[in-house]
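Colleague: Provided herewith is a single structure, encoded as structure tokens, for subsequent inquiry.
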Amino acid sequence: MSSVLPDLKLLRIFTAVVRHQGFAAAQQELNLSTSAISTYMSQLENQLGIVLCHRGRGGFTLTSKGELFYQECLRLLGEMESFERYSAALKGELRGTLNLGVLDAVVGDSALPLADVIGAYSQEYPAVHLYLSVQSPHELQMAVMENRLDLAIGAFFTRMNGLVYQPLYREQHWLYCSERHSLFKARRIPAEVITQQRMVGRGYWSQAELARHGFKHSAATVESMEAQLILVLSGAYIGYLPEHYAQHWVDQGKLRVLSPATFGYQAPFSLILRRGRLREPLIQAFRDLLKVQFSK
């Protein structure tokens with residue numbers, strides 16, 4: 001009986017194409033031309049006997065069977081990578097790739113010794129290849145859930161079933177305006193005046209989350225702290241920023257905190273991983289080093 005199991009290389013190409021939503025966008029990761037990717041995709045579809053995706057002027061879309069097959073590929077490739085790590089661990093060495101995700105604008109946060117952890121990890125396990133990705137909270141959780149990331153660090157106000165959340169620390173956020181804003185030199189500003197200003201919201205905030213931060217609506221939306229900082233510095237908007245991230249511009253007299261007694265919140269940062277992967281060697285080694293750094 002002939003085998004119906006496709007080559008793992010074809011599965012990895014397929015998942016990369018889906019992740020990048022097209023052949024052209026996947027070229028850099030795969031180091032292949034679009035014609036080569038197209039050939040491999042056709043080969044995979046011929047082996048399976050089904051159409052996995054539609055590609056053309058209308059863009060890239062998965063078929064219903066393609067979506068089911070994609071989810072199964074993620075599961076299978078995740079298990080294969082776990083098996084490779086387990087085999088390496090039996091020989092007393094750690095090899096493979098550790099896929100780590102993190103929120104943006106954390107490099108200057110002394111409360112998160114991420115650079116120290118990565119440095120110690122790379123020194124102790126030089127054969128491990130590290131992949132570091134900066135994404136939004138929702139993207140990080142989805143990537144961990146789908147085994148595209150092994151671990152992620154961020155503030156997750158909405159939790160997903162199937163993930164383990166290990167608390168790390170709390171990041172302080174204040175509401176800021178720039179020197180170009182009309183409120184910059186004002187004193188004793190009533191809260192109702194502040195809430196009437198043009199405010200920058202986050203794309204991953206729900207309406208309820210926005211309301212918890214004191215606002216009914218936002219006048220602009222961003223997906224990163226750098227984008228938020230740019231809009232606040234423009235003087236056209238006010239917005240929340242991490243204290244450690246904004247401090248440089250505060251020291252220069254370019255930003256000020258608005259009514260800290262009324263506006264401010266703490267974002268609870270956690271390390272997340274998929275349930276059932278706690279004891280995988282590469283993951284456990286990183287968690288151990290992170291624990292050591294936080295205990296200092």
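In the structure tokens, the first chain shown is A, the next is B, and so on; residue numbers restart at 1 for each chain, and ligands run from 1 in the order shown.
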What are the closest atom pairs, with distances in Å to one decimal, for each residue of region 89-112 of chain A lying within 8 Å of region 132-143 of chain A, using only C-alpha atoms, rows by chain and rising residue number, as CSV?
Modeller:
residue,atom,partner,partner_atom,distance
A:Asn99,CA,A:Leu132,CA,6.2
A:Leu100,CA,A:Leu132,CA,4.9
A:Gly101,CA,A:Ser133,CA,4.7
A:Val102,CA,A:Val134,CA,5.1
A:Leu103,CA,A:Val134,CA,5.5
A:Asp104,CA,A:Val134,CA,5.7
Colleague: Which residues, written as a CSV table (one decimal) with all heavy atoms, in the first residue's frame, have at least one atom at most 12 Å from region 173-176 of chain A, with only C-alpha atoms counted and residues fewer than 3 positions away on the same chain left out?
Modeller:
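Below is the file that was written, around15.csv:
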chain,number,residue,atom,x,y,z
A,155,ALA,N,1.8,41.2,28.5
A,155,ALA,CA,0.6,41.5,29.4
A,155,ALA,C,-0.6,41.0,28.7
A,155,ALA,O,-0.9,41.5,27.6
A,155,ALA,CB,0.5,43.0,29.7
A,170,ARG,N,4.6,43.5,37.4
A,170,ARG,CA,3.6,44.4,36.9
A,170,ARG,C,4.3,45.7,36.3
A,170,ARG,O,5.2,46.2,37.0
A,170,ARG,CB,2.7,44.8,38.0
A,170,ARG,CG,2.0,43.6,38.7
A,170,ARG,CD,1.0,44.0,39.8
A,170,ARG,NE,-0.2,44.5,39.2
A,170,ARG,CZ,-1.3,43.8,38.8
A,170,ARG,NH1,-1.2,42.5,38.9
A,170,ARG,NH2,-2.3,44.4,38.4
A,179,GLU,N,4.9,68.2,25.0
A,179,GLU,CA,5.0,69.6,25.1
A,179,GLU,C,4.3,70.4,24.1
A,179,GLU,O,4.0,71.6,24.3
A,179,GLU,CB,6.5,70.0,25.0
A,179,GLU,CG,7.1,69.6,23.7
A,179,GLU,CD,8.6,69.9,23.5
A,179,GLU,OE1,9.1,70.7,24.4
A,179,GLU,OE2,9.3,69.4,22.6
A,180,ARG,N,3.8,69.8,23.0
A,180,ARG,CA,3.1,70.4,22.0
A,180,ARG,C,1.6,70.5,22.3
A,180,ARG,O,0.8,71.1,21.6
A,180,ARG,CB,3.3,69.7,20.6
A,180,ARG,CG,4.8,69.7,20.2
A,180,ARG,CD,4.9,69.0,18.9
A,180,ARG,NE,6.3,69.0,18.4
A,180,ARG,CZ,6.7,68.3,17.3
A,180,ARG,NH1,5.8,67.7,16.6
A,180,ARG,NH2,7.9,68.4,16.9
A,181,HIS,N,1.2,69.8,23.3
A,181,HIS,CA,-0.3,69.6,23.7
A,181,HIS,C,-0.7,70.8,24.5
A,181,HIS,O,0.1,71.3,25.4
A,181,HIS,CB,-0.5,68.3,24.4
A,181,HIS,CG,-2.0,67.9,24.4
A,181,HIS,ND1,-2.9,68.4,25.3
A,181,HIS,CD2,-2.7,67.1,23.5
A,181,HIS,CE1,-4.1,67.9,25.1
A,181,HIS,NE2,-4.0,67.1,24.0
A,183,LEU,N,-2.5,70.9,27.1
A,183,LEU,CA,-2.5,70.6,28.5
A,183,LEU,C,-1.2,70.5,29.2
A,183,LEU,O,-1.1,70.3,30.4
A,183,LEU,CB,-3.3,69.3,28.8
A,183,LEU,CG,-4.8,69.2,28.4
A,183,LEU,CD1,-5.3,67.8,28.8
A,183,LEU,CD2,-5.5,70.3,29.1
A,184,PHE,N,-0.1,70.6,28.4
A,184,PHE,CA,1.2,70.4,28.9
A,184,PHE,C,1.6,71.3,30.1
A,184,PHE,O,2.2,70.8,31.1
A,184,PHE,CB,2.3,70.5,27.8
A,184,PHE,CG,3.7,70.1,28.2
A,184,PHE,CD1,4.0,68.8,28.3
A,184,PHE,CD2,4.6,71.0,28.5
A,184,PHE,CE1,5.3,68.4,28.7
A,184,PHE,CE2,5.9,70.7,28.9
A,184,PHE,CZ,6.2,69.3,29.0
A,191,ALA,N,-10.6,65.9,35.7
A,191,ALA,CA,-10.6,64.6,34.9
A,191,ALA,C,-11.5,64.7,33.7
A,191,ALA,O,-11.2,64.1,32.6
A,191,ALA,CB,-11.1,63.5,35.9
A,194,ILE,N,-9.6,66.0,30.8
A,194,ILE,CA,-8.7,65.1,30.2
A,194,ILE,C,-9.4,64.0,29.3
A,194,ILE,O,-9.0,63.7,28.2
A,194,ILE,CB,-7.9,64.4,31.3
A,194,ILE,CG1,-7.0,65.4,32.0
A,194,ILE,CG2,-7.1,63.2,30.8
A,194,ILE,CD1,-6.2,64.8,33.2
A,195,THR,N,-10.6,63.6,29.8
A,195,THR,CA,-11.3,62.5,29.0
A,195,THR,C,-11.9,63.1,27.8
A,195,THR,O,-12.3,62.3,26.9
A,195,THR,CB,-12.4,61.9,29.9
A,195,THR,OG1,-13.3,62.9,30.4
A,195,THR,CG2,-11.8,61.2,31.1
A,197,GLN,N,-10.1,64.9,25.6
A,197,GLN,CA,-9.0,65.0,24.7
A,197,GLN,C,-9.0,63.9,23.7
A,197,GLN,O,-9.5,62.8,23.9
A,197,GLN,CB,-7.7,65.1,25.5
A,197,GLN,CG,-7.6,66.2,26.5
A,197,GLN,CD,-7.9,67.6,26.0
A,197,GLN,OE1,-7.2,68.0,25.0
A,197,GLN,NE2,-8.8,68.3,26.6
A,198,ARG,N,-8.3,64.1,22.6
A,198,ARG,CA,-8.1,63.1,21.6
A,198,ARG,C,-7.1,62.1,22.1
A,198,ARG,O,-6.0,62.4,22.3
A,198,ARG,CB,-7.6,63.7,20.3
A,198,ARG,CG,-8.7,64.6,19.6
A,198,ARG,CD,-8.1,65.4,18.5
A,198,ARG,NE,-7.4,64.7,17.4
A,198,ARG,CZ,-8.1,64.1,16.4
A,198,ARG,NH1,-9.4,64.2,16.3
A,198,ARG,NH2,-7.4,63.4,15.5
A,199,MET,N,-7.6,60.8,22.3
A,199,MET,CA,-6.8,59.8,23.0
A,199,MET,C,-6.4,58.7,22.0
A,199,MET,O,-7.2,58.3,21.1
A,199,MET,CB,-7.6,59.3,24.1
A,199,MET,CG,-6.9,58.3,25.0
A,199,MET,SD,-7.3,56.6,24.6
A,199,MET,CE,-6.5,55.7,26.0
A,200,VAL,N,-5.2,58.1,22.2
A,200,VAL,CA,-4.7,57.0,21.4
A,200,VAL,C,-5.1,55.7,22.1
A,200,VAL,O,-4.7,55.5,23.2
A,200,VAL,CB,-3.2,57.1,21.2
A,200,VAL,CG1,-2.8,55.9,20.3
A,200,VAL,CG2,-2.8,58.4,20.6
A,201,GLY,N,-5.8,54.8,21.4
A,201,GLY,CA,-6.1,53.5,22.0
A,201,GLY,C,-5.3,52.4,21.3
A,201,GLY,O,-4.6,52.7,20.4
A,213,HIS,N,-9.8,52.3,31.5
A,213,HIS,CA,-8.7,53.3,31.5
A,213,HIS,C,-9.2,54.7,31.4
A,213,HIS,O,-8.5,55.7,31.3
A,213,HIS,CB,-7.7,53.0,30.3
A,213,HIS,CG,-7.1,51.7,30.4
A,213,HIS,ND1,-6.6,51.2,31.6
A,213,HIS,CD2,-6.8,50.8,29.5
A,213,HIS,CE1,-6.1,50.0,31.4
A,213,HIS,NE2,-6.2,49.7,30.1
A,214,GLY,N,-10.6,54.9,31.6
A,214,GLY,CA,-11.2,56.2,31.7
A,214,GLY,C,-11.7,56.9,30.5
A,214,GLY,O,-12.1,58.0,30.5
A,215,PHE,N,-11.8,56.1,29.4
A,215,PHE,CA,-12.2,56.8,28.1
A,215,PHE,C,-13.3,56.0,27.5
A,215,PHE,O,-13.3,54.8,27.5
A,215,PHE,CB,-11.0,56.9,27.2
A,215,PHE,CG,-10.0,57.9,27.7
A,215,PHE,CD1,-9.0,57.5,28.5
A,215,PHE,CD2,-10.0,59.2,27.2
A,215,PHE,CE1,-8.1,58.4,29.0
A,215,PHE,CE2,-9.1,60.1,27.7
A,215,PHE,CZ,-8.1,59.7,28.6
A,225,MET,N,3.9,50.2,21.1
A,225,MET,CA,4.3,51.3,21.9
A,225,MET,C,5.0,52.4,21.1
A,225,MET,O,4.9,53.6,21.4
A,225,MET,CB,5.2,50.8,23.1
A,225,MET,CG,4.4,50.0,24.1
A,225,MET,SD,3.0,50.8,24.9
A,225,MET,CE,1.7,50.1,24.0
A,228,GLN,N,2.5,54.4,19.4
A,228,GLN,CA,1.8,55.2,20.4
A,228,GLN,C,2.6,56.4,20.8
A,228,GLN,O,2.1,57.5,20.9
A,228,GLN,CB,1.5,54.4,21.7
A,228,GLN,CG,0.7,55.1,22.7
A,228,GLN,CD,-0.5,54.4,23.2
A,228,GLN,OE1,-0.8,53.3,22.7
A,228,GLN,NE2,-1.3,54.9,24.1
A,229,LEU,N,3.9,56.2,21.1
A,229,LEU,CA,4.8,57.3,21.4
A,229,LEU,C,4.9,58.4,20.3
A,229,LEU,O,4.9,59.6,20.6
A,229,LEU,CB,6.2,56.7,21.7
A,229,LEU,CG,7.3,57.8,22.0
A,229,LEU,CD1,6.9,58.5,23.3
A,229,LEU,CD2,8.6,57.1,22.2
A,230,ILE,N,4.9,57.9,19.1
A,230,ILE,CA,5.0,58.9,18.0
A,230,ILE,C,3.7,59.8,18.0
A,230,ILE,O,3.8,61.0,17.8
A,230,ILE,CB,5.1,58.2,16.6
A,230,ILE,CG1,6.5,57.5,16.5
A,230,ILE,CG2,4.9,59.1,15.5
A,230,ILE,CD1,6.6,56.6,15.3
A,231,LEU,N,2.6,59.2,18.2
A,231,LEU,CA,1.3,60.0,18.2
A,231,LEU,C,1.2,60.9,19.4
A,231,LEU,O,0.8,62.0,19.2
A,231,LEU,CB,0.1,59.0,18.1
A,231,LEU,CG,-0.1,58.2,16.8
A,231,LEU,CD1,-1.4,57.5,16.8
A,231,LEU,CD2,0.1,59.1,15.6
A,232,VAL,N,1.7,60.5,20.5
A,232,VAL,CA,1.7,61.3,21.7
A,232,VAL,C,2.6,62.5,21.5
A,232,VAL,O,2.3,63.6,21.8
A,232,VAL,CB,2.0,60.5,23.0
A,232,VAL,CG1,2.1,61.5,24.2
A,232,VAL,CG2,0.9,59.5,23.2
A,233,LEU,N,3.8,62.2,21.0
A,233,LEU,CA,4.8,63.3,20.8
A,233,LEU,C,4.4,64.3,19.8
A,233,LEU,O,4.8,65.4,19.8
A,233,LEU,CB,6.2,62.6,20.4
A,233,LEU,CG,7.0,61.9,21.4
A,233,LEU,CD1,8.2,61.2,20.8
A,233,LEU,CD2,7.5,62.9,22.5
A,234,SER,N,3.5,63.9,18.9
A,234,SER,CA,3.0,64.8,17.9
A,234,SER,C,2.2,66.0,18.5
A,234,SER,O,2.1,67.0,17.8
A,234,SER,CB,2.1,64.1,16.9
A,234,SER,OG,0.8,63.8,17.5
A,235,GLY,N,1.7,65.8,19.7
A,235,GLY,CA,0.9,66.8,20.3
A,235,GLY,C,-0.6,66.8,20.0
A,235,GLY,O,-1.4,67.5,20.5
A,236,ALA,N,-0.9,65.9,19.0
A,236,ALA,CA,-2.3,65.9,18.6
A,236,ALA,C,-3.1,64.9,19.5
A,236,ALA,O,-4.4,65.0,19.5
A,236,ALA,CB,-2.4,65.4,17.2
A,237,TYR,N,-2.5,64.1,20.3
A,237,TYR,CA,-3.1,63.1,21.1
A,237,TYR,C,-2.5,63.0,22.5
A,237,TYR,O,-1.4,63.3,22.7
A,237,TYR,CB,-3.1,61.7,20.4
A,237,TYR,CG,-3.6,61.7,19.0
A,237,TYR,CD1,-2.7,61.9,17.9
A,237,TYR,CD2,-4.9,61.4,18.7
A,237,TYR,CE1,-3.1,61.9,16.6
A,237,TYR,CE2,-5.3,61.4,17.4
A,237,TYR,CZ,-4.4,61.6,16.3
A,237,TYR,OH,-4.9,61.6,15.0
A,238,ILE,N,-3.3,62.4,23.4
A,238,ILE,CA,-2.7,61.9,24.6
A,238,ILE,C,-2.8,60.4,24.6
A,238,ILE,O,-3.6,59.8,23.8
A,238,ILE,CB,-3.5,62.5,25.9
A,238,ILE,CG1,-5.0,62.0,25.9
A,238,ILE,CG2,-3.4,64.0,25.9
A,238,ILE,CD1,-5.7,62.4,27.1
A,239,GLY,N,-2.0,59.7,25.5
A,239,GLY,CA,-2.1,58.3,25.5
A,239,GLY,C,-1.3,57.6,26.6
A,239,GLY,O,-0.4,58.3,27.2
A,240,TYR,N,-1.6,56.4,26.9
A,240,TYR,CA,-0.9,55.6,27.9
A,240,TYR,C,0.4,55.1,27.4
A,240,TYR,O,0.5,54.6,26.2
A,240,TYR,CB,-1.7,54.5,28.4
A,240,TYR,CG,-2.9,54.9,29.4
A,240,TYR,CD1,-4.2,55.1,28.9
A,240,TYR,CD2,-2.6,55.2,30.7
A,240,TYR,CE1,-5.2,55.5,29.8
A,240,TYR,CE2,-3.6,55.6,31.6
A,240,TYR,CZ,-4.9,55.7,31.1
A,240,TYR,OH,-5.9,56.1,31.9
A,241,LEU,N,1.5,55.1,28.2
A,241,LEU,CA,2.8,54.6,27.9
A,241,LEU,C,3.4,53.9,29.1
A,241,LEU,O,3.1,54.4,30.2
A,241,LEU,CB,3.7,55.7,27.4
A,241,LEU,CG,3.4,56.3,26.0
A,241,LEU,CD1,4.2,57.6,25.8
A,241,LEU,CD2,3.8,55.3,24.9
A,242,PRO,N,4.2,52.9,28.9
A,242,PRO,CA,4.9,52.4,30.1
A,242,PRO,C,5.8,53.4,30.7
A,242,PRO,O,6.5,54.2,29.9
A,242,PRO,CB,5.7,51.2,29.5
A,242,PRO,CG,5.0,50.9,28.2
A,242,PRO,CD,4.5,52.1,27.7
A,243,GLU,N,5.9,53.5,32.0
A,243,GLU,CA,6.7,54.5,32.7
A,243,GLU,C,8.2,54.4,32.2
A,243,GLU,O,8.8,55.5,31.9
A,243,GLU,CB,6.6,54.3,34.2
A,243,GLU,CG,7.3,55.3,35.0
A,243,GLU,CD,7.2,55.1,36.5
A,243,GLU,OE1,7.3,53.9,36.9
A,243,GLU,OE2,6.9,56.1,37.2
A,244,HIS,N,8.7,53.2,32.2
A,244,HIS,CA,10.1,53.1,31.8
A,244,HIS,C,10.4,53.5,30.4
A,244,HIS,O,11.5,54.1,30.1
A,244,HIS,CB,10.6,51.7,32.0
A,244,HIS,CG,10.0,50.7,31.1
A,244,HIS,ND1,10.4,50.4,29.8
A,244,HIS,CD2,8.8,49.9,31.2
A,244,HIS,CE1,9.7,49.5,29.2
A,244,HIS,NE2,8.7,49.2,30.0
A,245,TYR,N,9.4,53.3,29.5
A,245,TYR,CA,9.6,53.7,28.1
A,245,TYR,C,9.5,55.2,27.9
A,245,TYR,O,10.2,55.7,27.0
A,245,TYR,CB,8.5,52.9,27.3
A,245,TYR,CG,8.6,53.0,25.8
A,245,TYR,CD1,9.8,52.6,25.2
A,245,TYR,CD2,7.6,53.5,25.0
A,245,TYR,CE1,9.9,52.7,23.8
A,245,TYR,CE2,7.7,53.6,23.7
A,245,TYR,CZ,8.9,53.2,23.0
A,245,TYR,OH,9.0,53.2,21.7
A,246,ALA,N,8.6,55.8,28.7
A,246,ALA,CA,8.4,57.3,28.5
A,246,ALA,C,9.4,58.1,29.2
A,246,ALA,O,9.5,59.3,28.9
A,246,ALA,CB,7.0,57.6,28.9
A,247,GLN,N,10.1,57.6,30.2
A,247,GLN,CA,11.0,58.4,31.1
A,247,GLN,C,12.0,59.2,30.4
A,247,GLN,O,12.3,60.3,30.8
A,247,GLN,CB,11.6,57.4,32.1
A,247,GLN,CG,12.2,58.2,33.3
A,247,GLN,CD,11.2,59.0,34.1
A,247,GLN,OE1,10.1,58.5,34.4
A,247,GLN,NE2,11.5,60.3,34.3
A,249,TRP,N,11.8,60.7,27.6
A,249,TRP,CA,11.3,62.0,27.0
A,249,TRP,C,10.7,62.9,28.1
A,249,TRP,O,10.7,64.1,28.0
A,249,TRP,CB,10.1,61.6,26.0
A,249,TRP,CG,10.7,61.1,24.7
A,249,TRP,CD1,11.0,61.9,23.6
A,249,TRP,CD2,11.0,59.8,24.4
A,249,TRP,NE1,11.5,61.1,22.6
A,249,TRP,CE2,11.6,59.8,23.1
A,249,TRP,CE3,11.0,58.6,25.1
A,249,TRP,CZ2,12.0,58.7,22.4
A,249,TRP,CZ3,11.4,57.4,24.4
A,249,TRP,CH2,11.9,57.5,23.1
A,250,VAL,N,10.4,62.3,29.3
A,250,VAL,CA,10.0,63.1,30.4
A,250,VAL,C,11.2,63.9,30.9
A,250,VAL,O,11.1,65.1,31.2
A,250,VAL,CB,9.4,62.2,31.6
A,250,VAL,CG1,9.2,63.0,32.8
A,250,VAL,CG2,8.1,61.6,31.1
A,253,GLY,N,11.9,66.9,29.1
A,253,GLY,CA,10.9,67.9,29.1
A,253,GLY,C,9.9,67.8,27.9
A,253,GLY,O,9.2,68.8,27.6
A,254,LYS,N,9.9,66.7,27.2
A,254,LYS,CA,9.0,66.5,26.0
A,254,LYS,C,7.7,65.9,26.3
A,254,LYS,O,6.8,65.9,25.5
A,254,LYS,CB,9.8,65.8,24.9
A,254,LYS,CG,11.0,66.5,24.4
A,254,LYS,CD,11.7,65.7,23.3
A,254,LYS,CE,12.9,66.5,22.7
A,254,LYS,NZ,12.5,67.8,22.1
A,255,LEU,N,7.6,65.2,27.5
A,255,LEU,CA,6.4,64.5,27.9
A,255,LEU,C,6.1,64.8,29.4
A,255,LEU,O,7.1,65.1,30.1
A,255,LEU,CB,6.5,63.0,27.8
A,255,LEU,CG,6.5,62.4,26.4
A,255,LEU,CD1,6.6,60.8,26.5
A,255,LEU,CD2,5.3,62.7,25.5
A,256,ARG,N,4.9,64.8,29.7
A,256,ARG,CA,4.5,64.9,31.2
A,256,ARG,C,3.3,63.9,31.4
A,256,ARG,O,2.6,63.6,30.6
A,256,ARG,CB,4.1,66.3,31.5
A,256,ARG,CG,2.8,66.8,30.9
A,256,ARG,CD,2.1,68.0,31.6
A,256,ARG,NE,1.5,67.6,32.8
A,256,ARG,CZ,0.7,68.4,33.5
A,256,ARG,NH1,0.4,69.6,33.0
A,256,ARG,NH2,0.1,68.0,34.6
A,257,VAL,N,3.3,63.5,32.7
A,257,VAL,CA,2.2,62.7,33.1
A,257,VAL,C,1.0,63.5,33.5
A,257,VAL,O,1.1,64.6,34.1
A,257,VAL,CB,2.6,61.9,34.4
A,257,VAL,CG1,1.4,61.0,34.9
A,257,VAL,CG2,3.8,61.0,34.1
A,258,LEU,N,-0.2,63.0,33.0
A,258,LEU,CA,-1.5,63.7,33.3
A,258,LEU,C,-2.2,63.1,34.5
A,258,LEU,O,-2.5,61.9,34.4
A,258,LEU,CB,-2.4,63.7,32.1
A,258,LEU,CG,-1.9,64.5,30.8
A,258,LEU,CD1,-2.8,64.2,29.6
A,258,LEU,CD2,-1.9,66.0,31.1
A,259,SER,N,-2.4,63.8,35.5
A,259,SER,CA,-3.2,63.4,36.7
A,259,SER,C,-2.9,62.0,37.1
A,259,SER,O,-3.8,61.1,37.0
A,259,SER,CB,-4.7,63.6,36.3
A,259,SER,OG,-5.5,63.4,37.5
A,260,PRO,N,-1.8,61.7,37.6
A,260,PRO,CA,-1.4,60.3,38.0
A,260,PRO,C,-2.3,59.8,39.1
A,260,PRO,O,-2.4,58.6,39.3
A,260,PRO,CB,0.0,60.5,38.5
A,260,PRO,CG,0.2,61.9,38.9
A,260,PRO,CD,-0.6,62.7,37.9
A,261,ALA,N,-2.9,60.6,39.9
A,261,ALA,CA,-3.8,60.1,41.0
A,261,ALA,C,-5.1,59.5,40.4
A,261,ALA,O,-5.8,58.7,41.0
A,261,ALA,CB,-4.2,61.3,41.9
A,262,THR,N,-5.4,59.9,39.1
A,262,THR,CA,-6.7,59.5,38.5
A,262,THR,C,-6.4,58.5,37.4
A,262,THR,O,-7.1,57.5,37.2
A,262,THR,CB,-7.5,60.7,38.0
A,262,THR,OG1,-7.7,61.6,39.1
A,262,THR,CG2,-8.8,60.2,37.4
A,263,PHE,N,-5.4,58.8,36.6
A,263,PHE,CA,-5.2,58.0,35.4
A,263,PHE,C,-3.9,57.2,35.5
A,263,PHE,O,-2.8,57.8,35.7
A,263,PHE,CB,-5.1,58.9,34.1
A,263,PHE,CG,-6.4,59.6,33.9
A,263,PHE,CD1,-6.6,60.9,34.3
A,263,PHE,CD2,-7.4,59.0,33.2
A,263,PHE,CE1,-7.8,61.6,34.1
A,263,PHE,CE2,-8.6,59.6,32.9
A,263,PHE,CZ,-8.8,60.9,33.4
A,264,GLY,N,-3.9,55.9,35.4
A,264,GLY,CA,-2.8,55.1,35.5
A,264,GLY,C,-3.2,53.7,35.8
A,264,GLY,O,-4.3,53.4,36.4
A,265,TYR,N,-2.4,52.7,35.4
A,265,TYR,CA,-2.7,51.3,35.6
A,265,TYR,C,-1.5,50.5,35.6
A,265,TYR,O,-0.4,51.0,35.1
A,265,TYR,CB,-3.8,50.8,34.6
A,265,TYR,CG,-3.2,50.6,33.2
A,265,TYR,CD1,-2.8,49.4,32.8
A,265,TYR,CD2,-3.2,51.7,32.3
A,265,TYR,CE1,-2.3,49.2,31.5
A,265,TYR,CE2,-2.8,51.5,31.0
A,265,TYR,CZ,-2.3,50.3,30.6
A,265,TYR,OH,-1.8,50.1,29.4
A,266,GLN,N,-1.5,49.3,36.1
A,266,GLN,CA,-0.4,48.4,36.1
A,266,GLN,C,-0.8,47.2,35.2
A,266,GLN,O,-1.8,46.5,35.4
A,266,GLN,CB,0.0,47.9,37.5
A,266,GLN,CG,0.6,49.0,38.3
A,266,GLN,CD,1.1,48.5,39.6
A,266,GLN,OE1,0.6,47.4,40.1
A,266,GLN,NE2,2.0,49.2,40.2
A,267,ALA,N,0.1,46.9,34.2
A,267,ALA,CA,-0.1,45.8,33.3
A,267,ALA,C,0.6,44.5,33.9
A,267,ALA,O,1.8,44.6,34.1
A,267,ALA,CB,0.5,46.1,31.9
A,268,PRO,N,-0.1,43.5,34.2
A,268,PRO,CA,0.5,42.3,34.8
A,268,PRO,C,1.2,41.4,33.7
A,268,PRO,O,0.5,40.9,32.8
A,268,PRO,CB,-0.7,41.5,35.4
A,268,PRO,CG,-1.9,42.0,34.5
A,268,PRO,CD,-1.6,43.4,34.1
Colleague: Using Å and a single decimal, report how far CA of Ala152 (chain A) sits from CA of Ser270 (chain A).
Modeller: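 Atom-to-atom, CA of Ser270 (chain A) to CA of Ala152 (chain A), that is 8.2 Å.
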Colleague: Against region 274-283 of chain A, which residues of region 125-196 of chain A fall within 7 Å? For each one I want the closest pair of atoms and the distance in Å (one decimal), counting only C-alpha atoms, rows by chain and increasing residue number, as a Markdown table.
Modeller:
| residue | atom | partner | partner_atom | distance |
| --- | --- | --- | --- | --- |
| A:Val144 | CA | A:Arg274 | CA | 6.1 |
| A:Met145 | CA | A:Arg274 | CA | 5.9 |
| A:Gly162 | CA | A:Arg275 | CA | 5.4 |
| A:Leu163 | CA | A:Arg274 | CA | 4.5 |
| A:Val164 | CA | A:Arg275 | CA | 5.6 |
Colleague: Can you write just those residues out, all heavy atoms, as a PDB file, in the first residue's frame?
Modeller:
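Here's the written file part-v9.pdb:
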ATOM      1  N   VAL A 144       1.515  30.885  20.466  1.00  0.00           N
ATOM      2  CA  VAL A 144       1.828  29.854  21.449  1.00  0.00           C
ATOM      3  C   VAL A 144       0.803  28.718  21.360  1.00  0.00           C
ATOM      4  O   VAL A 144       1.147  27.534  21.421  1.00  0.00           O
ATOM      5  CB  VAL A 144       1.871  30.441  22.869  1.00  0.00           C
ATOM      6  CG1 VAL A 144       2.024  29.332  23.911  1.00  0.00           C
ATOM      7  CG2 VAL A 144       3.033  31.430  23.005  1.00  0.00           C
ATOM      8  N   MET A 145      -0.456  29.080  21.209  1.00  0.00           N
ATOM      9  CA  MET A 145      -1.512  28.070  21.108  1.00  0.00           C
ATOM     10  C   MET A 145      -1.301  27.162  19.898  1.00  0.00           C
ATOM     11  O   MET A 145      -1.550  25.951  19.957  1.00  0.00           O
ATOM     12  CB  MET A 145      -2.868  28.770  20.999  1.00  0.00           C
ATOM     13  CG  MET A 145      -4.051  27.825  20.961  1.00  0.00           C
ATOM     14  SD  MET A 145      -4.303  26.966  22.538  1.00  0.00           S
ATOM     15  CE  MET A 145      -4.994  28.307  23.509  1.00  0.00           C
ATOM     16  N   GLY A 162      -6.121  26.521  27.556  1.00  0.00           N
ATOM     17  CA  GLY A 162      -5.063  25.724  26.963  1.00  0.00           C
ATOM     18  C   GLY A 162      -3.679  26.303  27.151  1.00  0.00           C
ATOM     19  O   GLY A 162      -2.690  25.653  26.817  1.00  0.00           O
ATOM     20  N   LEU A 163      -3.597  27.525  27.698  1.00  0.00           N
ATOM     21  CA  LEU A 163      -2.306  28.152  27.955  1.00  0.00           C
ATOM     22  C   LEU A 163      -2.055  28.255  29.454  1.00  0.00           C
ATOM     23  O   LEU A 163      -2.982  28.420  30.243  1.00  0.00           O
ATOM     24  CB  LEU A 163      -2.241  29.553  27.338  1.00  0.00           C
ATOM     25  CG  LEU A 163      -2.365  29.655  25.815  1.00  0.00           C
ATOM     26  CD1 LEU A 163      -2.238  31.107  25.384  1.00  0.00           C
ATOM     27  CD2 LEU A 163      -1.321  28.794  25.118  1.00  0.00           C
ATOM     28  N   VAL A 164      -0.795  28.154  29.836  1.00  0.00           N
ATOM     29  CA  VAL A 164      -0.376  28.336  31.223  1.00  0.00           C
ATOM     30  C   VAL A 164       0.206  29.731  31.356  1.00  0.00           C
ATOM     31  O   VAL A 164       1.046  30.144  30.547  1.00  0.00           O
ATOM     32  CB  VAL A 164       0.679  27.286  31.630  1.00  0.00           C
ATOM     33  CG1 VAL A 164       1.182  27.557  33.045  1.00  0.00           C
ATOM     34  CG2 VAL A 164       0.099  25.887  31.522  1.00  0.00           C
TER      35      VAL A 164
END
Colleague: With only C-alpha atoms as the atoms that count, which of A:Ala105, A:Ala127, A:Ala16, A:Ala219 lies nearest to Tyr70 (chain A)?
Modeller: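 With only C-alpha atoms as the atom set, the closest residue is A:Ala16.
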Colleague: Can you tell me which residues surround region 108-125 of chain A at a distance of at most 7 Å, considering only C-alpha atoms, apart from same-chain residues fewer than 4 positions away, and format the answer as a list in words?
Modeller: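 Using only C-alpha atoms, the neighbours found are Leu94, His244, Tyr245, Phe286, Leu289, Leu290 and Gln293 of chain A.
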Colleague: Check the DSSP output for the backbone and give back, as a PyMOL selection string, the residues of region 44-290 of chain A in alpha helix (DSSP H).
Modeller: chain A and resi 44-48+64-90+114-124+137-145+191-194+207-212+225-233+243-251+281-290
